[in-house]
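Asker: Below are the structure tokens for one structure; questions will follow.
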Amino acid sequence: MSWSEEHLGDLIRLHYGKALKQPDRVEGGEFPVFGASGRVGSHNQATFLGPSLIVGRKGSVGEVTYAESSGWVIDTAFYAEVLDARRLDLRYLYHALVRARLGTKAITTSIPGLNRDDAYQTPIPLPPLSEQKRIAAILDKADEVRRKRTETIRLSEELLKSAFLEMFGDPVTNPKGWPVSELDEFISSERPITYGILKPGPDLADGVPYVRVVDIQDGVVVVERVRRTSKGIDHEFRRSRLRPGDLLMSIRGHVGRLAVVPPELDGANITQDTARIAPVGVDALYLMYLIQSPGIQFWMTRHVRGVAVRGINIGDVRRIPVTLPPASKQSAFSELVRRALHQKSLSTHSLAVEEELAQGLTQRAFRGEL
């Protein structure tokens, strides 16, 4: 089935948001406040009467948020006004704009931005209104399935963090009175805390894998994303080779991402932005959640340095305070984490499949094949 296409400028108007600094917002106000990446707070006044679509103008360029009711849009985003609701359904427009990837039209400057006239030149398919509503309903259901899956993964991680605090308390205030030592006390002198490869060589399919900060996601190493480099570089940085059960922590950029090395990465390496922690006498999974706890994360923020690229020194990592509960309690928590991570892995795989199916569904929908 073939539908006509029309430019966005003939269907909608994009209105500029209005600056509203954080101190001027009303916490708990009636109306949500939206920025380029979605909701950022609340206020007691609105700049648009909803529902509407929020489109990122600066920062998260082209990101689309559906606003179910009236709200305030700050100056990093546009809000959309449909010119004729008899021709264009708002939920259909939401899916059309997501598919249009307006972020690719960003003007590249120090702060990338979306030009309104460029957005207006974007064509979208325009089936009859009844067909738009049918397509939107199908794609909404696919979105809901993915949202629920994502929320399940998020709640699983939150439950583990809560379980840690329930079992062991805040490591900084140490309400249960466990013995406390610096992290370096639990590290073998043969495998000290260290970072890895300064500048990886060319990617080689049969080379040595090395883990980057971007490979550490939600407490695990995404093995499928790990790159490989020459064995010569790996030999030069043999001090930072990995063994299963080692703990990895990002120390530059996104400081504090953590994951335990899986068996598949035995003998792999790391970059200079990642630290290898090979604990002795303390469970690695217990240690991971200890470092992820709010108290230790706050402790780390006070030791992060730098402006353009922020990071924490290895010397400060060695001084992280570690509470040491009985090994039996650490093991019990570690087993809980392993079971949860297994379920999380299954959910993450299912989410990837659902994402792929949704992309295919979207393509078929806008080709008129549903």
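Following the order of the structure tokens, first chain is A, next is B, and so on, with residues numbered from 1 inside each chain and ligands from 1 in the order they appear.
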Tell me, as a PDB file with C-alpha atoms, in the first residue's frame, which residues lie within 9 Å of segment 165-178 of chain A, counting only C-alpha atoms; anything in the same chain fewer than 4 positions away does not count.
Answerer:
ATOM      1  CA  LEU A 160      19.513  -5.884  45.067  1.00  0.00           C
ATOM      2  CA  LYS A 161      20.767  -2.492  46.262  1.00  0.00           C
ATOM      3  CA  LEU A 290      29.428  -2.031  48.452  1.00  0.00           C
ATOM      4  CA  ILE A 291      31.088   0.358  45.978  1.00  0.00           C
ATOM      5  CA  SER A 293      26.102   1.936  47.644  1.00  0.00           C
ATOM      6  CA  PRO A 294      25.118   5.622  48.025  1.00  0.00           C
ATOM      7  CA  GLY A 295      27.605   6.232  50.842  1.00  0.00           C
ATOM      8  CA  ILE A 296      30.629   4.967  48.900  1.00  0.00           C
ATOM      9  CA  TRP A 299      32.807   9.209  49.045  1.00  0.00           C
ATOM     10  CA  PRO A 321      36.668   2.036  52.879  1.00  0.00           C
ATOM     11  CA  VAL A 322      35.482  -1.586  52.934  1.00  0.00           C
ATOM     12  CA  THR A 323      33.374  -3.078  55.731  1.00  0.00           C
ATOM     13  CA  LEU A 324      33.963  -6.796  56.259  1.00  0.00           C
ATOM     14  CA  PRO A 325      30.954  -8.807  57.461  1.00  0.00           C
ATOM     15  CA  PRO A 326      31.287 -12.599  58.016  1.00  0.00           C
ATOM     16  CA  LYS A 329      26.784 -13.387  54.950  1.00  0.00           C
ATOM     17  CA  PHE A 333      24.294 -12.122  49.345  1.00  0.00           C
TER      18      PHE A 333
END
Asker: Would you list the contacts of Leu126 of chain A as a list in words, taking every protein, DNA or RNA residue within 12 Å and counting only C-alpha atoms, but skipping same-chain residues closer than 6 positions in sequence?
Answerer: Met1, Ser2, Trp3, Ser4, Glu5, Glu6, His7, Leu8, Asp10, Leu11, Arg86, Arg87, Leu88, Asp89, Tyr92, Leu93, Ala96, Gln132, Lys133, Ile135, Ala365, Phe366, Arg367 and Gly368 of chain A
Asker: Which residues, written as a list in words, have at least one atom at most 7 Å from Lys231 of chain A, with only C-alpha atoms counted and residues fewer than 4 positions away on the same chain left out?
Answerer: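 Close residues of Lys231 of chain A: Gly207, Val208 and His235 of chain A.
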Asker: Please identify which residues in segment 73-304 of chain A DSSP calls alpha helix (DSSP H) from the backbone, and express them as JSON, numbers by chain.
Answerer: {"A": [90, 91, 92, 93, 94, 95, 96, 97, 98, 99, 100, 116, 117, 118, 119, 120, 129, 130, 131, 132, 133, 134, 135, 136, 137, 138, 139, 140, 141, 142, 143, 144, 145, 146, 147, 148, 149, 150, 151, 152, 153, 154, 155, 156, 157, 158, 159, 160, 161, 162, 163, 164, 165, 166, 167, 168, 231, 232, 233, 234, 235, 236, 284, 285, 286, 287, 288, 289, 290, 291, 292, 294, 295, 296, 297, 298, 299, 300, 301]}
Asker: With a distance cut-off of 8 Å and only C-alpha atoms, select the neighbouring residues of segment 183-188 of chain A, excluding the residue or stretch itself and same-chain residues fewer than 3 positions from it, and output the selection as a list in words.
Answerer: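 Within the cut-off, the hits are Arg191, Pro192, Ile193, Ile277, Ala278, Pro279, Val280, Gly281, Val282, Val317, Arg318, Arg319, Ile320, Pro321 and Val322 of chain A.
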Asker: Could you jot down the atom CA of Asp316 of chain A to atom CA of His303 of chain A separation for me, Å, one decimal place?
Answerer: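 According to the coordinates, atom CA of Asp316 of chain A and atom CA of His303 of chain A are separated by 6.9 Å.
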Asker: Rank A:Asp203, A:Glu264, A:Glu355, A:Glu224 by their smallest atom-to-atom distance to Leu242 of chain A, using only C-alpha atoms, and report the top residue only.
Answerer: A:Glu264
Asker: Do you know which residues are at most 12 Å from Arg134 of chain A counting only C-alpha atoms, after dropping those on the same chain fewer than 3 positions away, and could you put them as a list of chain:residue names?
Answerer: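 Here the qualifying residues turn out to be A:Asp89, A:Arg91, A:Tyr92, A:Pro127, A:Pro128, A:Leu129, A:Ser130, A:Glu131, A:Ala137, A:Ile138, A:Leu139, A:Asp140, A:Lys141, A:Ala365, A:Phe366, A:Gly368, A:Leu370.
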Asker: With N, CA and C atoms retained, could you export that selection as a JSON list (two decimals), in the first residue's frame?
Answerer:
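To be explicit, this is the file written out as selection-v6.json:
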[["chain", "number", "residue", "atom", "x", "y", "z"],
["A", 89, "ASP", "N", -3.12, 12.38, 13.60],
["A", 89, "ASP", "CA", -3.29, 11.88, 14.96],
["A", 89, "ASP", "C", -1.99, 12.09, 15.74],
["A", 91, "ARG", "N", -0.68, 10.62, 18.44],
["A", 91, "ARG", "CA", 0.09, 9.40, 18.76],
["A", 91, "ARG", "C", 0.79, 8.87, 17.52],
["A", 92, "TYR", "N", 0.13, 8.94, 16.37],
["A", 92, "TYR", "CA", 0.78, 8.55, 15.11],
["A", 92, "TYR", "C", 1.97, 9.45, 14.85],
["A", 127, "PRO", "N", -1.23, 8.32, 5.99],
["A", 127, "PRO", "CA", -2.41, 7.52, 5.66],
["A", 127, "PRO", "C", -3.69, 8.19, 6.19],
["A", 128, "PRO", "N", -4.86, 7.67, 5.86],
["A", 128, "PRO", "CA", -6.10, 8.22, 6.43],
["A", 128, "PRO", "C", -6.06, 8.20, 7.96],
["A", 129, "LEU", "N", -6.83, 9.09, 8.58],
["A", 129, "LEU", "CA", -6.79, 9.24, 10.04],
["A", 129, "LEU", "C", -7.12, 7.94, 10.75],
["A", 130, "SER", "N", -8.09, 7.19, 10.25],
["A", 130, "SER", "CA", -8.45, 5.92, 10.90],
["A", 130, "SER", "C", -7.28, 4.94, 10.88],
["A", 131, "GLU", "N", -6.53, 4.93, 9.78],
["A", 131, "GLU", "CA", -5.37, 4.06, 9.67],
["A", 131, "GLU", "C", -4.24, 4.54, 10.59],
["A", 137, "ALA", "N", -2.03, 2.50, 17.68],
["A", 137, "ALA", "CA", -2.45, 1.56, 18.73],
["A", 137, "ALA", "C", -1.55, 0.33, 18.75],
["A", 138, "ILE", "N", -1.18, -0.17, 17.58],
["A", 138, "ILE", "CA", -0.31, -1.36, 17.49],
["A", 138, "ILE", "C", 1.08, -1.03, 18.02],
["A", 139, "LEU", "N", 1.63, 0.10, 17.60],
["A", 139, "LEU", "CA", 2.98, 0.47, 18.04],
["A", 139, "LEU", "C", 3.00, 0.84, 19.52],
["A", 140, "ASP", "N", 1.89, 1.40, 20.03],
["A", 140, "ASP", "CA", 1.81, 1.69, 21.47],
["A", 140, "ASP", "C", 1.90, 0.42, 22.29],
["A", 141, "LYS", "N", 1.25, -0.64, 21.83],
["A", 141, "LYS", "CA", 1.30, -1.92, 22.55],
["A", 141, "LYS", "C", 2.73, -2.47, 22.57],
["A", 365, "ALA", "N", 4.78, -1.00, 9.49],
["A", 365, "ALA", "CA", 3.64, -0.10, 9.70],
["A", 365, "ALA", "C", 3.69, 1.10, 8.75],
["A", 366, "PHE", "N", 4.88, 1.71, 8.62],
["A", 366, "PHE", "CA", 4.99, 2.91, 7.80],
["A", 366, "PHE", "C", 5.14, 2.58, 6.31],
["A", 368, "GLY", "N", 2.85, 0.49, 5.19],
["A", 368, "GLY", "CA", 1.47, 0.09, 4.94],
["A", 368, "GLY", "C", 1.27, -1.39, 4.83],
["A", 370, "LEU", "N", 0.87, -3.54, 7.60],
["A", 370, "LEU", "CA", 0.23, -4.17, 8.77],
["A", 370, "LEU", "C", -1.22, -4.51, 8.47]]
Asker: Smallest atom-to-atom distance to Gln330 of chain A: which of A:Glu68, A:Ala284, A:Ala106, A:Tyr195, using only C-alpha atoms?
Answerer: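 Checking each candidate against Gln330 of chain A, we get A:Ala284 as the closest.
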Asker: Residues near segment 341-347 of chain A, anyone? I mean within 9 Å using only C-alpha atoms, not counting same-chain ones fewer than 3 positions away, as a PDB file with C-alpha atoms, in the first residue's frame.
Answerer:
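out_18.pdb, written as the output of this step:
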ATOM      1  CA  ARG A 149      10.507  -5.244  30.463  1.00  0.00           C
ATOM      2  CA  THR A 150      12.810  -2.268  31.072  1.00  0.00           C
ATOM      3  CA  THR A 152      11.430  -5.118  35.470  1.00  0.00           C
ATOM      4  CA  ILE A 153      15.191  -4.918  34.865  1.00  0.00           C
ATOM      5  CA  SER A 156      15.578  -6.011  39.923  1.00  0.00           C
ATOM      6  CA  GLU A 157      18.679  -3.842  40.328  1.00  0.00           C
ATOM      7  CA  GLY A 219      26.496  -4.264  36.360  1.00  0.00           C
ATOM      8  CA  VAL A 220      27.669  -6.630  33.610  1.00  0.00           C
ATOM      9  CA  LEU A 336      21.235 -13.815  45.725  1.00  0.00           C
ATOM     10  CA  VAL A 337      23.009 -11.568  43.220  1.00  0.00           C
ATOM     11  CA  ARG A 338      23.926 -14.490  40.948  1.00  0.00           C
ATOM     12  CA  SER A 350      14.223 -10.741  25.739  1.00  0.00           C
ATOM     13  CA  LEU A 351      14.309  -6.948  25.598  1.00  0.00           C
ATOM     14  CA  ALA A 352      16.842  -7.046  22.740  1.00  0.00           C
TER      15      ALA A 352
END
Asker: Have a look at A:Ala100, A:Leu285, A:Ile233, A:Val180 and name the one nearest to Lys199 of chain A; count only C-alpha atoms.
Answerer: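 Answer, going by the shortest atom-to-atom distance: A:Ile233.
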Asker: Could you pull out the strand (DSSP E) residues of segment 169-330 of chain A from DSSP and send them as a ChimeraX atom specification?
Answerer: /A:180-182,194-195,208-211,216-217,220-221,227-229,247-250,258-260,269-270,274-277,304-305,311-312,321-323
Asker: List the neighbours of Arg13 of chain A out to 12 Å using only C-alpha atoms; skip same-chain residues closer than 2 positions along the sequence, and give me the result as a PDB file with C-alpha atoms, in the first residue's frame.
Answerer:
ATOM      1  CA  HIS A   7       6.383  17.675   5.094  1.00  0.00           C
ATOM      2  CA  LEU A   8       6.118  18.318   8.809  1.00  0.00           C
ATOM      3  CA  GLY A   9       5.890  22.062   8.151  1.00  0.00           C
ATOM      4  CA  ASP A  10       2.522  21.510   6.444  1.00  0.00           C
ATOM      5  CA  LEU A  11       1.192  19.505   9.390  1.00  0.00           C
ATOM      6  CA  HIS A  15       7.076  26.306  19.283  1.00  0.00           C
ATOM      7  CA  TYR A  16      10.163  27.317  21.259  1.00  0.00           C
ATOM      8  CA  SER A  52       1.547  17.533  22.963  1.00  0.00           C
ATOM      9  CA  LEU A  53       4.913  16.269  21.786  1.00  0.00           C
ATOM     10  CA  ILE A  54       8.204  17.585  23.146  1.00  0.00           C
ATOM     11  CA  VAL A  55      11.105  17.565  20.662  1.00  0.00           C
ATOM     12  CA  PHE A  78      10.202  22.566  21.125  1.00  0.00           C
ATOM     13  CA  TYR A  79       6.586  21.600  21.682  1.00  0.00           C
ATOM     14  CA  ALA A  80       4.437  20.548  18.742  1.00  0.00           C
ATOM     15  CA  GLU A  81       1.043  21.915  17.718  1.00  0.00           C
ATOM     16  CA  VAL A  82      -0.964  19.831  15.214  1.00  0.00           C
ATOM     17  CA  LEU A  83      -2.512  22.219  12.672  1.00  0.00           C
ATOM     18  CA  ASP A  84      -5.477  20.009  11.783  1.00  0.00           C
ATOM     19  CA  ARG A 116      13.138  24.312  13.123  1.00  0.00           C
ATOM     20  CA  ASP A 117      13.112  24.876   9.351  1.00  0.00           C
ATOM     21  CA  ALA A 119      12.642  19.770  10.905  1.00  0.00           C
ATOM     22  CA  TYR A 120       9.799  21.210   8.822  1.00  0.00           C
TER      23      TYR A 120
END
Asker: Nearest residue to Pro112 of chain A out of A:Gly71, A:Gly56, A:Pro209, A:Gly267, using only C-alpha atoms?
Answerer: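 So, comparing all the options, the nearest one is A:Gly56.
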Asker: Would you please work out which residue, of A:Leu258, A:Arg252, A:Ile270, A:Glu335, is nearest to Val304 of chain A when using only C-alpha atoms?
Answerer: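 That would be A:Arg252, the residue with the smallest distance to Val304 of chain A.
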Asker: Could you tell me which of A:Thr104, A:Arg147, A:Tyr286, A:Gly256 comes closest to Ser328 of chain A if we count only C-alpha atoms?
Answerer: A:Tyr286
Asker: To one decimal place in Å, what is the distance between atom CA of Leu248 of chain A and atom CA of Leu265 of chain A?
Answerer: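 Atom-to-atom, atom CA of Leu248 of chain A to atom CA of Leu265 of chain A, that is 11.9 Å.
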